[in-house]
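The structure appears right after this line, and notes come after that.
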Amino acid sequence: MTRVFVVIRFRVEESAQPEFVGRLEAAVEVLSRQKGFVAARTGRNADDPELLALSMEWVNIGSYRRALSPYEVKLAAVPLLSQAIDEPTAYDDLDEFAPHR
C-alpha cells in the first residue's frame with residue numbers, strides 16, 4: 001500500500017485566525033489518535049496570510065478515510081474540515097513509486 005499525504009487549505013480572515021487555529025489544533029489532536037496516522041503540520045501561506053493549510057501523512061488512503069468516521073472525529077474535526085476550500089486533498093506519495101536511489 002502507498003502512503004498518502006493530505007493537504008487541506010482554508011481561507012480565514014486574520015482576525016478570526018486565533019479561534020480557528022485553536023479548533024484546528026483540536027482537530028489534529030483527535031485525528032492523531034486514529035490508526036494509520038503518521039504526522040501533521042499546519043501553516044500560513046507566506047504570500048497570502050488569510051490562507052492556512054493542514055498537511056497530514058497517513059499509512060494509506062483507507063486509514064485516512066476510516067479516520068474520519070469515529071464519533072469523536074465527527075465532533076472535533078469534521079465541522080472544521082467542512083470549512084475547507086473545495087478541492088481534492090489526498091495525494092499518493094510518488095516517492096514510493098520512484099526507483100530507490
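So you can find residues: chains in the C-alpha cells are A, B, ... in the order shown, residues in each start at 1, and ligands are numbered from 1 in order.
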
Worksheet entry | Residues flagged strand (DSSP E or B) by DSSP in segment 2-99 of chain A, as a ChimeraX atom specification | /A:4-11,37-44,51-58,90-92

Tell me, as a PDB file with N, CA and C atoms, in the first residue's frame, which residues lie within 8 Å of segment 31-45 of chain A, counting only C-alpha atoms; anything in the same chain fewer than 3 positions away does not count.
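File out-v2.pdb, as written:
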ATOM      1  N   ALA A  27      -8.642  19.492  16.224  1.00  0.00           N
ATOM      2  CA  ALA A  27      -8.919  18.516  15.163  1.00  0.00           C
ATOM      3  C   ALA A  27      -7.705  17.630  14.922  1.00  0.00           C
ATOM      4  N   VAL A  28      -6.535  18.233  14.869  1.00  0.00           N
ATOM      5  CA  VAL A  28      -5.309  17.462  14.653  1.00  0.00           C
ATOM      6  C   VAL A  28      -5.080  16.501  15.817  1.00  0.00           C
ATOM      7  N   ASP A  48      -0.033  34.990   1.200  1.00  0.00           N
ATOM      8  CA  ASP A  48      -1.448  35.286   1.416  1.00  0.00           C
ATOM      9  C   ASP A  48      -1.786  34.894   2.852  1.00  0.00           C
ATOM     10  N   PRO A  49      -1.702  35.816   3.808  1.00  0.00           N
ATOM     11  CA  PRO A  49      -1.864  35.474   5.225  1.00  0.00           C
ATOM     12  C   PRO A  49      -3.254  34.969   5.610  1.00  0.00           C
ATOM     13  N   GLU A  50      -4.215  35.059   4.719  1.00  0.00           N
ATOM     14  CA  GLU A  50      -5.540  34.505   5.033  1.00  0.00           C
ATOM     15  C   GLU A  50      -5.670  33.047   4.590  1.00  0.00           C
ATOM     16  N   LEU A  51      -4.625  32.493   3.985  1.00  0.00           N
ATOM     17  CA  LEU A  51      -4.651  31.116   3.507  1.00  0.00           C
ATOM     18  C   LEU A  51      -3.868  30.240   4.478  1.00  0.00           C
ATOM     19  N   LEU A  52      -4.595  29.342   5.154  1.00  0.00           N
ATOM     20  CA  LEU A  52      -3.988  28.406   6.099  1.00  0.00           C
ATOM     21  C   LEU A  52      -4.048  27.006   5.512  1.00  0.00           C
ATOM     22  N   ALA A  53      -3.126  26.146   5.956  1.00  0.00           N
ATOM     23  CA  ALA A  53      -3.106  24.774   5.441  1.00  0.00           C
ATOM     24  C   ALA A  53      -2.868  23.788   6.577  1.00  0.00           C
ATOM     25  N   LEU A  54      -3.472  22.630   6.416  1.00  0.00           N
ATOM     26  CA  LEU A  54      -3.232  21.471   7.263  1.00  0.00           C
ATOM     27  C   LEU A  54      -2.704  20.380   6.348  1.00  0.00           C
ATOM     28  N   SER A  55      -1.537  19.849   6.667  1.00  0.00           N
ATOM     29  CA  SER A  55      -0.948  18.757   5.902  1.00  0.00           C
ATOM     30  C   SER A  55      -0.813  17.564   6.845  1.00  0.00           C
ATOM     31  N   MET A  56      -1.282  16.415   6.397  1.00  0.00           N
ATOM     32  CA  MET A  56      -1.188  15.200   7.209  1.00  0.00           C
ATOM     33  C   MET A  56      -0.628  14.071   6.359  1.00  0.00           C
ATOM     34  N   GLU A  57       0.025  13.140   7.023  1.00  0.00           N
ATOM     35  CA  GLU A  57       0.510  11.937   6.353  1.00  0.00           C
ATOM     36  C   GLU A  57      -0.172  10.734   6.997  1.00  0.00           C
ATOM     37  N   TRP A  58      -0.590   9.805   6.144  1.00  0.00           N
ATOM     38  CA  TRP A  58      -1.290   8.600   6.582  1.00  0.00           C
ATOM     39  C   TRP A  58      -0.638   7.373   5.954  1.00  0.00           C
ATOM     40  N   VAL A  59      -0.761   6.239   6.619  1.00  0.00           N
ATOM     41  CA  VAL A  59      -0.180   4.994   6.129  1.00  0.00           C
ATOM     42  C   VAL A  59      -0.732   4.648   4.744  1.00  0.00           C
ATOM     43  N   ASN A  60      -2.025   4.884   4.537  1.00  0.00           N
ATOM     44  CA  ASN A  60      -2.644   4.624   3.232  1.00  0.00           C
ATOM     45  C   ASN A  60      -3.970   5.379   3.168  1.00  0.00           C
ATOM     46  N   SER A  63      -6.726   4.292   5.643  1.00  0.00           N
ATOM     47  CA  SER A  63      -6.563   4.787   7.021  1.00  0.00           C
ATOM     48  C   SER A  63      -7.115   6.197   7.156  1.00  0.00           C
ATOM     49  N   TYR A  64      -6.806   7.035   6.181  1.00  0.00           N
ATOM     50  CA  TYR A  64      -7.299   8.409   6.226  1.00  0.00           C
ATOM     51  C   TYR A  64      -8.824   8.440   6.179  1.00  0.00           C
ATOM     52  N   ALA A  67     -10.376   7.182   9.333  1.00  0.00           N
ATOM     53  CA  ALA A  67     -10.125   8.092  10.458  1.00  0.00           C
ATOM     54  C   ALA A  67     -11.198   9.164  10.577  1.00  0.00           C
ATOM     55  N   LEU A  68     -11.928   9.425   9.512  1.00  0.00           N
ATOM     56  CA  LEU A  68     -12.968  10.450   9.545  1.00  0.00           C
ATOM     57  C   LEU A  68     -14.295   9.933  10.108  1.00  0.00           C
ATOM     58  N   VAL A  73     -14.142  12.165  16.090  1.00  0.00           N
ATOM     59  CA  VAL A  73     -13.631  12.907  14.928  1.00  0.00           C
ATOM     60  C   VAL A  73     -14.762  13.724  14.311  1.00  0.00           C
ATOM     61  N   ALA A  77     -13.383  17.308  14.362  1.00  0.00           N
ATOM     62  CA  ALA A  77     -12.665  17.603  13.116  1.00  0.00           C
ATOM     63  C   ALA A  77     -13.570  17.860  11.918  1.00  0.00           C
TER      64      ALA A  77
END

>> Can you pull out every residue from chain A that DSSP, working from the backbone, puts in alpha helix (DSSP H), and format the result as a ChimeraX atom specification?
In response: /A:17-32,61-67,71-76,78-81

**Item:** Pairwise distance for atom CA of Ile8 of chain A and atom CA of Pro88 of chain A, rounded to one decimal in Å
**Value:**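 Between atom CA of Ile8 of chain A and atom CA of Pro88 of chain A the gap works out to 8.4 Å.
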
- Tell me, in Å to one decimal, how far atom CA of Arg66 of chain A is from atom CA of Ile85 of chain A.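 Value for the atom CA of Arg66 of chain A-atom CA of Ile85 of chain A distance: 21.2 Å.
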
Could you list, as a PyMOL selection string, every residue within 12 Å of Ser82 of chain A, counting only C-alpha atoms and ignoring same-chain residues fewer than 4 positions away? chain A and resi 8-11+24+27+68+74-78+86-87

Print the selection's residues with C-alpha atoms to a file, as a JSON list (two decimals), in the first residue's frame.
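And here's out.json as it stands now:
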[["chain", "number", "residue", "atom", "x", "y", "z"],
["A", 8, "ILE", "CA", -6.38, 20.81, 3.24],
["A", 9, "ARG", "CA", -6.49, 24.56, 2.73],
["A", 10, "PHE", "CA", -8.69, 27.12, 4.47],
["A", 11, "ARG", "CA", -9.38, 30.78, 3.78],
["A", 24, "LEU", "CA", -7.51, 23.25, 14.06],
["A", 27, "ALA", "CA", -8.92, 18.52, 15.16],
["A", 68, "LEU", "CA", -12.97, 10.45, 9.55],
["A", 74, "LYS", "CA", -17.08, 13.85, 13.68],
["A", 75, "LEU", "CA", -17.42, 16.19, 16.67],
["A", 76, "ALA", "CA", -13.95, 17.77, 16.68],
["A", 77, "ALA", "CA", -12.66, 17.60, 13.12],
["A", 78, "VAL", "CA", -15.42, 17.19, 10.54],
["A", 86, "ASP", "CA", -13.40, 22.71, -2.08],
["A", 87, "GLU", "CA", -10.60, 20.89, -3.89]]

From atom CA of Val4 of chain A to atom CA of Arg65 of chain A the spacing works out at 11.0 Å
